[in-house]
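**Student:** Quick one: this structure, given as structure tokens, is what I'll be asking you about.
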Protein chains: 2
Amino acid sequence: MTVLARYLPVLDWGRAYDRSTLTNDLVAAAIVTIMLIPQSLAYAMLAGLPPEIGLYASMLPIIAYALFGTSRTLAVGPVAVVSLMTLAAAGSVATPGSAAFIAAALILALLSGLILIVMGVLRLGFLGNLLSHPVVSGFITASGIIIATSQLKSIMDVQASGEALPELLQTLASHVTNINLPTLIIGVSATAFLFWVRKGLKPLLMRWGMAARPADLIAKAGPIAAVAVSTLAVILFDLEAQGVKIVGTIPQSLPPFTIPLFDAALWQQLAIPALFISVIGFVESVSVAQTLAAKKRQRINPDQELIGLGAANVAAAFSGGYPVTGGFARSVVNFDAGAETPAAGAFTAVGILIAALFLTPLLHSLPIATLAATIIVAVLSLVDLRTPQAIWRYSRPDFAAMAATIAITLLAGVEPGVIAGVGLSLALYLWRASRPHAAIVGRVPGTEHFRNVKRHKVLTDPRIMTIRIDESLTYLNARWLEEFVLEQVADHPQVRHLVLMCSAVNAIDASALESIEAINHRLADAGVTLHLSEVKGPVMDALERSHLLANLGGEVFMSQNDAFAQLITLADAQDLPAASRDIWMARGLI
Amino acid sequence: MTVLARYLPVLDWGRAYDRSTLTNDLVAAAIVTIMLIPQSLAYAMLAGLPPEIGLYASMLPIIAYALFGTSRTLAVGPVAVVSLMTLAAAGSVATPGSAAFIAAALILALLSGLILIVMGVLRLGFLGNLLSHPVVSGFITASGIIIATSQLKSIMDVQASGEALPELLQTLASHVTNINLPTLIIGVSATAFLFWVRKGLKPLLMRWGMAARPADLIAKAGPIAAVAVSTLAVILFDLEAQGVKIVGTIPQSLPPFTIPLFDAALWQQLAIPALFISVIGFVESVSVAQTLAAKKRQRINPDQELIGLGAANVAAAFSGGYPVTGGFARSVVNFDAGAETPAAGAFTAVGILIAALFLTPLLHSLPIATLAATIIVAVLSLVDLRTPQAIWRYSRPDFAAMAATIAITLLAGVEPGVIAGVGLSLALYLWRASRPHAAIVGRVPGTEHFRNVKRHKVLTDPRIMTIRIDESLTYLNARWLEEFVLEQVADHPQVRHLVLMCSAVNAIDASALESIEAINHRLADAGVTLHLSEVKGPVMDALERSHLLANLGGEVFMSQNDAFAQLITLADAQDLPAASRDIWMARGLI
């Protein structure tokens, strides 16, 4: 594969493009376009931006991803969580809706794009790993709760701001008497309708004899019906005069060519939020892309995905958009509707372009409460209350990281929530890595197997101690190793030979090597000889480049069984004191 | 052990204290006191503080450590690296030598003490693990070079400041014409003498028939001779009038009772430097304490060491001192001189008290150049040029972390150096942890062993793929696992059964569990069944609390051999296409 082909996956799939692929892609694009029009308006407004920015963010970015991305079916564009993060980040430097706010959103898109591209070129995709599944899941659940709550303000038609739950609830509560009744009726009925469409329409259509897949796709288009009906209602009953807020005039235009403002101080303020937007967007997007690719045994390349998403965000920055990433629901619809190549994305962009040029007058009287309803129904599916239960049962440290992420995101906002989750995960990981499992082992009678003396009835010799280390030895646990081994020796004064059994040690770094050398010297000072057993091939190769083997008091045994047998003979020959010739059954004795 | 005994180790060793222990401790204390007097003056001046502060920092802190510390022989007090860090930290908020600077040093001692105590009570000693051996070694080497260079200014008697090497060298070079000749002569001859004492005196004394140990101890007292001779020279030849800078009047007093200034802004500025001082001091001190304890098969408790060192620093803060920790050279002298309990430390404190009350007039005419010479000779032994070579041979990533630490400490100062080293070590660790070793394995003919197909001639079946994972599965490598497994399956279209061989997997966290579930579902979508083999007991216990086993497409096999045999039979029964009944010798085929 040439360098060009690595960076431009389109050269790969473009060559095999034929008529049947075209038909499939066109059908998928039509369905995704219908779904995307209200979504893109709604998410832009969630982000505190004018609705048309959602349309702009759904054109060039999709095409940029189609050129550079590796997923065949990922649908890129505005998504809920990234919109919320944009609101929080741009809201920290400007008032939502203001020109400065729009400018900040462009800068966020550009910075996110550049960060993603740099990470892709340097192959730093692995940094996304720092976001563990429980942290991402907790973050998305908490974001869903915040977004849904924040949309209540549009349904109640009251002013409320703030990105953390307590303020939101407080302002909503204090404005509960100012509710606009027609708005509330539209919002509540649209929400109810959309929930029914999601849960009840597909079974109904299937009972009427429709096949599962088209029934599913029609159900996914439910928001369009809500949009049409509520818009008609506003026009017919002149609800605008009764205080129902509407979308209003959306300019009929191509996406504008925009150049993000260069302001060093502003860039510095937005750099960290942009980093969070990039990494969270990337992690979400890759997991969707992988799920879909695996179904057709296709491959995606995470480092190239960084470049694809980066290009999409840069495109958003120069075409009047805001940060974008691969959306879950939309990608699944694209996949189910039969999209075969990223060209489906390009056709979607054309569809949105047509909408932006010709259909926006139809959206003039669309009530904002209807858009709020589509957001609420969309994000409540992100709120996942079963995963926390499963994680609680499976692993308490993982649950702690998740709970901290949810609690701090809800109470203090999106960035502190992610930082808390990542920090706690890493601290717990390092804590666990710093005290790995190790066991004193003895021989299972009649076999060549060695097992933990605490769990099995095994043979041991008081002059010989074997410690099996169940983890790679690195600087994180090097000091633990010294402490553990020296404590064991201090506690067992009869020991004269100590064997480190390395069957589960996949690597030994320089710190751990130095610790083993220190152990070797200190044991020698205390009259104990250090041996190794069952050292793996690559580890042994590395040790041969060090001084350890030359200085080692004892030997390196290929098998633990050899070690045990030979050291008993040696200890006998040395006429070592204490129960010479006695081999103890160890349970309860050590 | 009661709670009180855990926090007050003195209750343990104090009970067995007898006359012979007393004698040994008194002898050791006398020797350490002689060594400590010039050292404590010199290190205080290195830290930019008046010399008497070094004496104050060698009294109450030692007693506090004697009460709370767990090492029998660690000698606590001013040390070179911590003095340099104090200069850098306090120097960022005040001019060295000023009252504000002395106040900042007290605050640093108090903050370090509190940080250490909190870490001890919360058992956070493992955070010290973040400082890998190469980083600590590189940091100490670079600090030694900086300290030695900075002391040249006293020997040349020129003004030079700055904590990074380039500025230091520049100011030294620009002042080279202003050298004070008598100062230079004293400094150079004291340095030469001390080097000779260190290398040549002990062999000489032994040739004269002295035993090795007393010869060694006398050689260690060399600095006292340099102090005496150079002081006499100053008095006899009235060198002060010729511009030789002297220590001057040291107040004859008990350590003063001081209360560190409470200034929230200042505390905030000094908190991070204090954290570095605490952690670096702790790591150095524990490694010395462990080395000495191991020689007598004694144990030290790192969490209690945090409390002991914390108490010492708090004591320093309230008695006119500055940050202290366990010193390497001094502790070794204490050990070699026969110290048996921390009481030796308390007697040393009394010795220093007597010196502070009665001997300081004798030090009035001590040339500062002599103190500079003692520092240079002491710290050049910290500069270790062989370790970098050994680490280069053993591990390039570890070498990179060390080189970055050395380079950035020299060029930008102590804090950036430590941050760079810790950050790079962690990033490299996480990078390696995110892409562990895994191998596709096949059966070694005629055995039940399974080995890497790339390294051995082994039997495989194209319908069955076995991947052996050589690391615990955590959130850091969960995404790698998904990518790796799905890529392998995408690349081998004949595969219908995939076995994850978990013999080296010591843990599976919630993220990795979710990834295995995702792999299971995605493989099922692609017509491949997932199996596990050789899952360890504790891992299996955890998996039984999850949904994985209920949803797993395939089975969990006790042994990989069973898995291979049963899956071949199963694949035959399923009449799977592609070379059914063929078992391939895998080298070169996969």
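By order of appearance in the structure tokens: chains A, B, ..., then residues from 1 within every chain, and ligands from 1 in the order shown.
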Could you write out, as a VMD selection string, all the residues of stretch 454-521 of chain A that DSSP marks as strand (DSSP E)?

**Tutor:** chain A and resid 459 to 460 464 to 469 497 to 501

**Student:** Export C-alpha atoms of the chosen residues as a short mmCIF file (atom, residue, chain, number, x, y, z; two decimals), in the first residue's frame?

**Tutor:**
data_model
loop_
_atom_site.label_atom_id
_atom_site.label_comp_id
_atom_site.auth_asym_id
_atom_site.auth_seq_id
_atom_site.Cartn_x
_atom_site.Cartn_y
_atom_site.Cartn_z
CA LEU A 459 5.36 -30.01 49.31
CA THR A 460 7.86 -27.40 50.42
CA ILE A 464 13.98 -23.24 49.92
CA MET A 465 11.32 -20.66 49.13
CA THR A 466 9.75 -20.28 45.69
CA ILE A 467 7.81 -17.10 44.90
CA ARG A 468 5.73 -17.11 41.73
CA ILE A 469 5.20 -13.61 40.33
CA HIS A 497 17.63 -20.42 48.68
CA LEU A 498 15.01 -18.20 47.09
CA VAL A 499 13.58 -18.94 43.65
CA LEU A 500 11.65 -16.32 41.68
CA MET A 501 9.38 -18.29 39.37
#

**Student:** Excluding A:Leu130 and its own-chain neighbours fewer than 2 positions away, which residues fall within 7 Å of it when counting only C-alpha atoms? Please give them as a PyMOL selection string.

**Tutor:** (chain A and resi 127-128+132+422) or (chain B and resi 476)

**Student:** Give me, as a ChimeraX atom specification, the residues of chain A touching chain B, with the criterion being at most 6 Å (counting only C-alpha atoms).

**Tutor:** /A:129,132-133,294-295,297,394,475-476,490,504,511,522,525-526,545-546

**Student:** As a PDB file with N, CA and C atoms, in the first residue's frame, please: every residue in stretch 377-497 of chain A that DSSP puts in alpha helix (DSSP H).

**Tutor:**
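Heads up, here's the output in part27.pdb:
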ATOM      1  N   VAL A 377     -35.868  12.420  23.273  1.00  0.00           N
ATOM      2  CA  VAL A 377     -36.078  11.003  22.962  1.00  0.00           C
ATOM      3  C   VAL A 377     -34.770  10.359  22.499  1.00  0.00           C
ATOM      4  N   ALA A 378     -33.959  11.125  21.729  1.00  0.00           N
ATOM      5  CA  ALA A 378     -32.700  10.559  21.249  1.00  0.00           C
ATOM      6  C   ALA A 378     -31.738  10.307  22.404  1.00  0.00           C
ATOM      7  N   VAL A 379     -31.587  11.303  23.304  1.00  0.00           N
ATOM      8  CA  VAL A 379     -30.540  11.136  24.321  1.00  0.00           C
ATOM      9  C   VAL A 379     -30.964  10.211  25.449  1.00  0.00           C
ATOM     10  N   LEU A 380     -32.291  10.085  25.688  1.00  0.00           N
ATOM     11  CA  LEU A 380     -32.650   9.182  26.787  1.00  0.00           C
ATOM     12  C   LEU A 380     -32.244   7.755  26.462  1.00  0.00           C
ATOM     13  N   ARG A 386     -28.468  -0.090  33.256  1.00  0.00           N
ATOM     14  CA  ARG A 386     -28.144  -1.488  33.534  1.00  0.00           C
ATOM     15  C   ARG A 386     -26.642  -1.723  33.618  1.00  0.00           C
ATOM     16  N   THR A 387     -25.878  -0.955  32.802  1.00  0.00           N
ATOM     17  CA  THR A 387     -24.426  -1.140  32.838  1.00  0.00           C
ATOM     18  C   THR A 387     -23.851  -0.885  34.242  1.00  0.00           C
ATOM     19  N   PRO A 388     -24.262   0.200  34.930  1.00  0.00           N
ATOM     20  CA  PRO A 388     -23.704   0.386  36.275  1.00  0.00           C
ATOM     21  C   PRO A 388     -23.954  -0.813  37.179  1.00  0.00           C
ATOM     22  N   GLN A 389     -25.143  -1.413  37.071  1.00  0.00           N
ATOM     23  CA  GLN A 389     -25.423  -2.580  37.914  1.00  0.00           C
ATOM     24  C   GLN A 389     -24.477  -3.732  37.591  1.00  0.00           C
ATOM     25  N   ALA A 390     -24.289  -3.976  36.278  1.00  0.00           N
ATOM     26  CA  ALA A 390     -23.413  -5.082  35.874  1.00  0.00           C
ATOM     27  C   ALA A 390     -21.989  -4.818  36.332  1.00  0.00           C
ATOM     28  N   ILE A 391     -21.559  -3.561  36.216  1.00  0.00           N
ATOM     29  CA  ILE A 391     -20.186  -3.258  36.609  1.00  0.00           C
ATOM     30  C   ILE A 391     -20.031  -3.364  38.123  1.00  0.00           C
ATOM     31  N   TRP A 392     -21.054  -2.967  38.860  1.00  0.00           N
ATOM     32  CA  TRP A 392     -21.008  -3.106  40.317  1.00  0.00           C
ATOM     33  C   TRP A 392     -20.764  -4.566  40.696  1.00  0.00           C
ATOM     34  N   ARG A 393     -21.488  -5.457  40.034  1.00  0.00           N
ATOM     35  CA  ARG A 393     -21.313  -6.878  40.353  1.00  0.00           C
ATOM     36  C   ARG A 393     -19.932  -7.358  39.942  1.00  0.00           C
ATOM     37  N   TYR A 394     -19.412  -6.831  38.807  1.00  0.00           N
ATOM     38  CA  TYR A 394     -18.184  -7.403  38.256  1.00  0.00           C
ATOM     39  C   TYR A 394     -16.927  -6.854  38.914  1.00  0.00           C
ATOM     40  N   ARG A 396     -15.580  -3.624  41.630  1.00  0.00           N
ATOM     41  CA  ARG A 396     -15.814  -2.420  42.426  1.00  0.00           C
ATOM     42  C   ARG A 396     -14.934  -1.243  41.999  1.00  0.00           C
ATOM     43  N   PRO A 397     -13.660  -1.447  41.683  1.00  0.00           N
ATOM     44  CA  PRO A 397     -12.862  -0.286  41.240  1.00  0.00           C
ATOM     45  C   PRO A 397     -13.424   0.339  39.967  1.00  0.00           C
ATOM     46  N   ASP A 398     -13.838  -0.504  39.008  1.00  0.00           N
ATOM     47  CA  ASP A 398     -14.426   0.040  37.789  1.00  0.00           C
ATOM     48  C   ASP A 398     -15.706   0.796  38.114  1.00  0.00           C
ATOM     49  N   PHE A 399     -16.483   0.240  39.052  1.00  0.00           N
ATOM     50  CA  PHE A 399     -17.716   0.928  39.427  1.00  0.00           C
ATOM     51  C   PHE A 399     -17.407   2.286  40.061  1.00  0.00           C
ATOM     52  N   ALA A 400     -16.368   2.332  40.881  1.00  0.00           N
ATOM     53  CA  ALA A 400     -16.005   3.603  41.528  1.00  0.00           C
ATOM     54  C   ALA A 400     -15.666   4.656  40.482  1.00  0.00           C
ATOM     55  N   ALA A 401     -14.913   4.240  39.441  1.00  0.00           N
ATOM     56  CA  ALA A 401     -14.545   5.201  38.392  1.00  0.00           C
ATOM     57  C   ALA A 401     -15.800   5.686  37.667  1.00  0.00           C
ATOM     58  N   MET A 402     -16.709   4.755  37.408  1.00  0.00           N
ATOM     59  CA  MET A 402     -17.936   5.116  36.707  1.00  0.00           C
ATOM     60  C   MET A 402     -18.801   6.041  37.566  1.00  0.00           C
ATOM     61  N   ALA A 403     -18.966   5.695  38.830  1.00  0.00           N
ATOM     62  CA  ALA A 403     -19.810   6.499  39.718  1.00  0.00           C
ATOM     63  C   ALA A 403     -19.235   7.908  39.861  1.00  0.00           C
ATOM     64  N   ALA A 404     -17.907   7.988  39.986  1.00  0.00           N
ATOM     65  CA  ALA A 404     -17.287   9.308  40.107  1.00  0.00           C
ATOM     66  C   ALA A 404     -17.537  10.124  38.843  1.00  0.00           C
ATOM     67  N   THR A 405     -17.417   9.465  37.685  1.00  0.00           N
ATOM     68  CA  THR A 405     -17.650  10.179  36.428  1.00  0.00           C
ATOM     69  C   THR A 405     -19.080  10.691  36.359  1.00  0.00           C
ATOM     70  N   ILE A 406     -20.049   9.836  36.675  1.00  0.00           N
ATOM     71  CA  ILE A 406     -21.459  10.251  36.604  1.00  0.00           C
ATOM     72  C   ILE A 406     -21.713  11.388  37.591  1.00  0.00           C
ATOM     73  N   ALA A 407     -21.290  11.194  38.830  1.00  0.00           N
ATOM     74  CA  ALA A 407     -21.611  12.180  39.868  1.00  0.00           C
ATOM     75  C   ALA A 407     -20.975  13.523  39.541  1.00  0.00           C
ATOM     76  N   ILE A 408     -19.697  13.514  39.164  1.00  0.00           N
ATOM     77  CA  ILE A 408     -19.011  14.788  38.961  1.00  0.00           C
ATOM     78  C   ILE A 408     -19.473  15.446  37.661  1.00  0.00           C
ATOM     79  N   THR A 409     -19.801  14.649  36.640  1.00  0.00           N
ATOM     80  CA  THR A 409     -20.352  15.252  35.423  1.00  0.00           C
ATOM     81  C   THR A 409     -21.681  15.934  35.736  1.00  0.00           C
ATOM     82  N   LEU A 410     -22.534  15.253  36.489  1.00  0.00           N
ATOM     83  CA  LEU A 410     -23.843  15.848  36.811  1.00  0.00           C
ATOM     84  C   LEU A 410     -23.687  17.099  37.669  1.00  0.00           C
ATOM     85  N   LEU A 411     -22.786  17.032  38.635  1.00  0.00           N
ATOM     86  CA  LEU A 411     -22.723  18.120  39.623  1.00  0.00           C
ATOM     87  C   LEU A 411     -21.828  19.263  39.188  1.00  0.00           C
ATOM     88  N   ALA A 412     -20.770  18.968  38.435  1.00  0.00           N
ATOM     89  CA  ALA A 412     -19.795  20.024  38.149  1.00  0.00           C
ATOM     90  C   ALA A 412     -19.594  20.269  36.656  1.00  0.00           C
ATOM     91  N   VAL A 414     -19.137  18.721  32.335  1.00  0.00           N
ATOM     92  CA  VAL A 414     -18.586  17.644  31.521  1.00  0.00           C
ATOM     93  C   VAL A 414     -17.072  17.480  31.674  1.00  0.00           C
ATOM     94  N   GLU A 415     -16.334  18.593  31.679  1.00  0.00           N
ATOM     95  CA  GLU A 415     -14.878  18.436  31.755  1.00  0.00           C
ATOM     96  C   GLU A 415     -14.401  17.879  33.091  1.00  0.00           C
ATOM     97  N   PRO A 416     -14.858  18.473  34.230  1.00  0.00           N
ATOM     98  CA  PRO A 416     -14.432  17.879  35.502  1.00  0.00           C
ATOM     99  C   PRO A 416     -14.836  16.414  35.601  1.00  0.00           C
ATOM    100  N   GLY A 417     -15.990  16.063  35.016  1.00  0.00           N
ATOM    101  CA  GLY A 417     -16.433  14.679  35.073  1.00  0.00           C
ATOM    102  C   GLY A 417     -15.466  13.749  34.369  1.00  0.00           C
ATOM    103  N   VAL A 418     -15.045  14.137  33.153  1.00  0.00           N
ATOM    104  CA  VAL A 418     -14.116  13.284  32.402  1.00  0.00           C
ATOM    105  C   VAL A 418     -12.779  13.212  33.118  1.00  0.00           C
ATOM    106  N   ILE A 419     -12.311  14.365  33.616  1.00  0.00           N
ATOM    107  CA  ILE A 419     -11.013  14.373  34.295  1.00  0.00           C
ATOM    108  C   ILE A 419     -11.054  13.458  35.521  1.00  0.00           C
ATOM    109  N   ALA A 420     -12.138  13.557  36.287  1.00  0.00           N
ATOM    110  CA  ALA A 420     -12.245  12.724  37.488  1.00  0.00           C
ATOM    111  C   ALA A 420     -12.234  11.248  37.104  1.00  0.00           C
ATOM    112  N   GLY A 421     -12.994  10.915  36.071  1.00  0.00           N
ATOM    113  CA  GLY A 421     -13.072   9.517  35.673  1.00  0.00           C
ATOM    114  C   GLY A 421     -11.733   8.979  35.192  1.00  0.00           C
ATOM    115  N   VAL A 422     -11.077   9.748  34.308  1.00  0.00           N
ATOM    116  CA  VAL A 422      -9.788   9.306  33.768  1.00  0.00           C
ATOM    117  C   VAL A 422      -8.754   9.229  34.885  1.00  0.00           C
ATOM    118  N   GLY A 423      -8.740  10.250  35.750  1.00  0.00           N
ATOM    119  CA  GLY A 423      -7.768  10.273  36.844  1.00  0.00           C
ATOM    120  C   GLY A 423      -7.969   9.107  37.789  1.00  0.00           C
ATOM    121  N   LEU A 424      -9.227   8.854  38.155  1.00  0.00           N
ATOM    122  CA  LEU A 424      -9.483   7.767  39.101  1.00  0.00           C
ATOM    123  C   LEU A 424      -9.161   6.419  38.473  1.00  0.00           C
ATOM    124  N   SER A 425      -9.540   6.231  37.193  1.00  0.00           N
ATOM    125  CA  SER A 425      -9.214   4.959  36.525  1.00  0.00           C
ATOM    126  C   SER A 425      -7.717   4.726  36.538  1.00  0.00           C
ATOM    127  N   LEU A 426      -6.973   5.789  36.181  1.00  0.00           N
ATOM    128  CA  LEU A 426      -5.524   5.630  36.084  1.00  0.00           C
ATOM    129  C   LEU A 426      -4.926   5.359  37.461  1.00  0.00           C
ATOM    130  N   ALA A 427      -5.402   6.102  38.480  1.00  0.00           N
ATOM    131  CA  ALA A 427      -4.869   5.901  39.831  1.00  0.00           C
ATOM    132  C   ALA A 427      -5.146   4.473  40.297  1.00  0.00           C
ATOM    133  N   LEU A 428      -6.375   3.988  40.052  1.00  0.00           N
ATOM    134  CA  LEU A 428      -6.700   2.627  40.482  1.00  0.00           C
ATOM    135  C   LEU A 428      -5.877   1.609  39.704  1.00  0.00           C
ATOM    136  N   TYR A 429      -5.691   1.884  38.404  1.00  0.00           N
ATOM    137  CA  TYR A 429      -4.876   0.971  37.604  1.00  0.00           C
ATOM    138  C   TYR A 429      -3.454   0.911  38.138  1.00  0.00           C
ATOM    139  N   LEU A 430      -2.882   2.103  38.391  1.00  0.00           N
ATOM    140  CA  LEU A 430      -1.502   2.144  38.865  1.00  0.00           C
ATOM    141  C   LEU A 430      -1.395   1.485  40.240  1.00  0.00           C
ATOM    142  N   TRP A 431      -2.434   1.681  41.053  1.00  0.00           N
ATOM    143  CA  TRP A 431      -2.418   1.076  42.382  1.00  0.00           C
ATOM    144  C   TRP A 431      -2.389  -0.441  42.255  1.00  0.00           C
ATOM    145  N   ARG A 432      -3.270  -0.953  41.365  1.00  0.00           N
ATOM    146  CA  ARG A 432      -3.289  -2.408  41.188  1.00  0.00           C
ATOM    147  C   ARG A 432      -1.988  -2.898  40.567  1.00  0.00           C
ATOM    148  N   ALA A 433      -1.477  -2.121  39.585  1.00  0.00           N
ATOM    149  CA  ALA A 433      -0.237  -2.540  38.929  1.00  0.00           C
ATOM    150  C   ALA A 433       0.923  -2.507  39.914  1.00  0.00           C
ATOM    151  N   SER A 434       0.797  -1.686  40.968  1.00  0.00           N
ATOM    152  CA  SER A 434       1.923  -1.561  41.895  1.00  0.00           C
ATOM    153  C   SER A 434       1.917  -2.665  42.950  1.00  0.00           C
ATOM    154  N   TYR A 475       8.572  -0.695  36.553  1.00  0.00           N
ATOM    155  CA  TYR A 475       8.898   0.250  37.614  1.00  0.00           C
ATOM    156  C   TYR A 475       7.752   0.457  38.574  1.00  0.00           C
ATOM    157  N   LEU A 476       6.531   0.179  38.115  1.00  0.00           N
ATOM    158  CA  LEU A 476       5.397   0.387  39.018  1.00  0.00           C
ATOM    159  C   LEU A 476       5.396  -0.623  40.153  1.00  0.00           C
ATOM    160  N   ASN A 477       5.886  -1.830  39.900  1.00  0.00           N
ATOM    161  CA  ASN A 477       5.868  -2.817  40.983  1.00  0.00           C
ATOM    162  C   ASN A 477       7.267  -3.243  41.424  1.00  0.00           C
ATOM    163  N   ALA A 478       8.300  -2.543  40.933  1.00  0.00           N
ATOM    164  CA  ALA A 478       9.669  -2.928  41.290  1.00  0.00           C
ATOM    165  C   ALA A 478       9.889  -2.799  42.800  1.00  0.00           C
ATOM    166  N   ARG A 479       9.406  -1.709  43.376  1.00  0.00           N
ATOM    167  CA  ARG A 479       9.620  -1.501  44.809  1.00  0.00           C
ATOM    168  C   ARG A 479       8.811  -2.506  45.616  1.00  0.00           C
ATOM    169  N   TRP A 480       7.584  -2.792  45.124  1.00  0.00           N
ATOM    170  CA  TRP A 480       6.779  -3.825  45.778  1.00  0.00           C
ATOM    171  C   TRP A 480       7.543  -5.139  45.803  1.00  0.00           C
ATOM    172  N   LEU A 481       8.185  -5.468  44.674  1.00  0.00           N
ATOM    173  CA  LEU A 481       8.917  -6.734  44.582  1.00  0.00           C
ATOM    174  C   LEU A 481       9.988  -6.804  45.662  1.00  0.00           C
ATOM    175  N   GLU A 482      10.768  -5.711  45.773  1.00  0.00           N
ATOM    176  CA  GLU A 482      11.811  -5.690  46.809  1.00  0.00           C
ATOM    177  C   GLU A 482      11.202  -5.894  48.192  1.00  0.00           C
ATOM    178  N   GLU A 483      10.157  -5.122  48.473  1.00  0.00           N
ATOM    179  CA  GLU A 483       9.544  -5.222  49.795  1.00  0.00           C
ATOM    180  C   GLU A 483       9.023  -6.619  50.054  1.00  0.00           C
ATOM    181  N   PHE A 484       8.285  -7.146  49.055  1.00  0.00           N
ATOM    182  CA  PHE A 484       7.633  -8.440  49.240  1.00  0.00           C
ATOM    183  C   PHE A 484       8.669  -9.539  49.488  1.00  0.00           C
ATOM    184  N   VAL A 485       9.690  -9.584  48.619  1.00  0.00           N
ATOM    185  CA  VAL A 485      10.678 -10.654  48.734  1.00  0.00           C
ATOM    186  C   VAL A 485      11.444 -10.523  50.052  1.00  0.00           C
ATOM    187  N   LEU A 486      11.869  -9.295  50.380  1.00  0.00           N
ATOM    188  CA  LEU A 486      12.675  -9.139  51.593  1.00  0.00           C
ATOM    189  C   LEU A 486      11.848  -9.400  52.847  1.00  0.00           C
ATOM    190  N   GLU A 487      10.556  -9.060  52.805  1.00  0.00           N
ATOM    191  CA  GLU A 487       9.688  -9.370  53.948  1.00  0.00           C
ATOM    192  C   GLU A 487       9.557 -10.868  54.132  1.00  0.00           C
ATOM    193  N   GLN A 488       9.343 -11.573  53.010  1.00  0.00           N
ATOM    194  CA  GLN A 488       9.194 -13.022  53.115  1.00  0.00           C
ATOM    195  C   GLN A 488      10.448 -13.640  53.714  1.00  0.00           C
ATOM    196  N   VAL A 489      11.602 -13.158  53.269  1.00  0.00           N
ATOM    197  CA  VAL A 489      12.851 -13.726  53.783  1.00  0.00           C
ATOM    198  C   VAL A 489      13.032 -13.350  55.249  1.00  0.00           C
ATOM    199  N   ALA A 490      12.700 -12.101  55.601  1.00  0.00           N
ATOM    200  CA  ALA A 490      12.827 -11.696  57.001  1.00  0.00           C
ATOM    201  C   ALA A 490      11.918 -12.544  57.891  1.00  0.00           C
ATOM    202  N   ASP A 491      10.747 -12.941  57.350  1.00  0.00           N
ATOM    203  CA  ASP A 491       9.787 -13.702  58.151  1.00  0.00           C
ATOM    204  C   ASP A 491      10.109 -15.191  58.220  1.00  0.00           C
TER     205      ASP A 491
END

**Student:** Please provide the set of residues having any atom within 8 Å of A:Ile53, restricted to only C-alpha atoms, with same-chain residues fewer than 4 positions apart removed, written as a VMD selection string.

**Tutor:** chain A and resid 41 44 49 57 320 to 322

**Student:** Could you tell me how far atom CA of A:Cys502 sits from atom CA of A:Leu530, in Å to one decimal place?

**Tutor:**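 A separation of 12.9 Å between them.
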
**Student:** Contacts of A:Ala99 at 12 Å or less, counting only C-alpha atoms, minus same-chain residues fewer than 4 places along, as a compact mmCIF listing (two decimals) with C-alpha atoms, in the first residue's frame?

**Tutor:**
# COMPACT_ATOMS: atom_id res chain seq x y z
CA GLY A 48 -26.23 27.11 21.69
CA LEU A 49 -25.84 27.83 17.97
CA PRO A 50 -28.29 29.00 15.27
CA ALA A 90 -17.67 27.93 23.98
CA GLY A 91 -20.00 29.02 26.79
CA VAL A 93 -15.69 32.31 26.70
CA ALA A 94 -18.87 33.82 25.17
CA THR A 95 -22.66 34.05 25.52
CA ALA A 103 -16.56 32.11 16.41
CA ALA A 104 -15.51 30.04 19.42
CA ALA A 105 -17.36 27.02 18.01
CA LEU A 106 -15.40 27.39 14.75
CA LEU A 261 -10.34 33.65 14.16
CA GLY A 320 -19.42 27.58 9.13
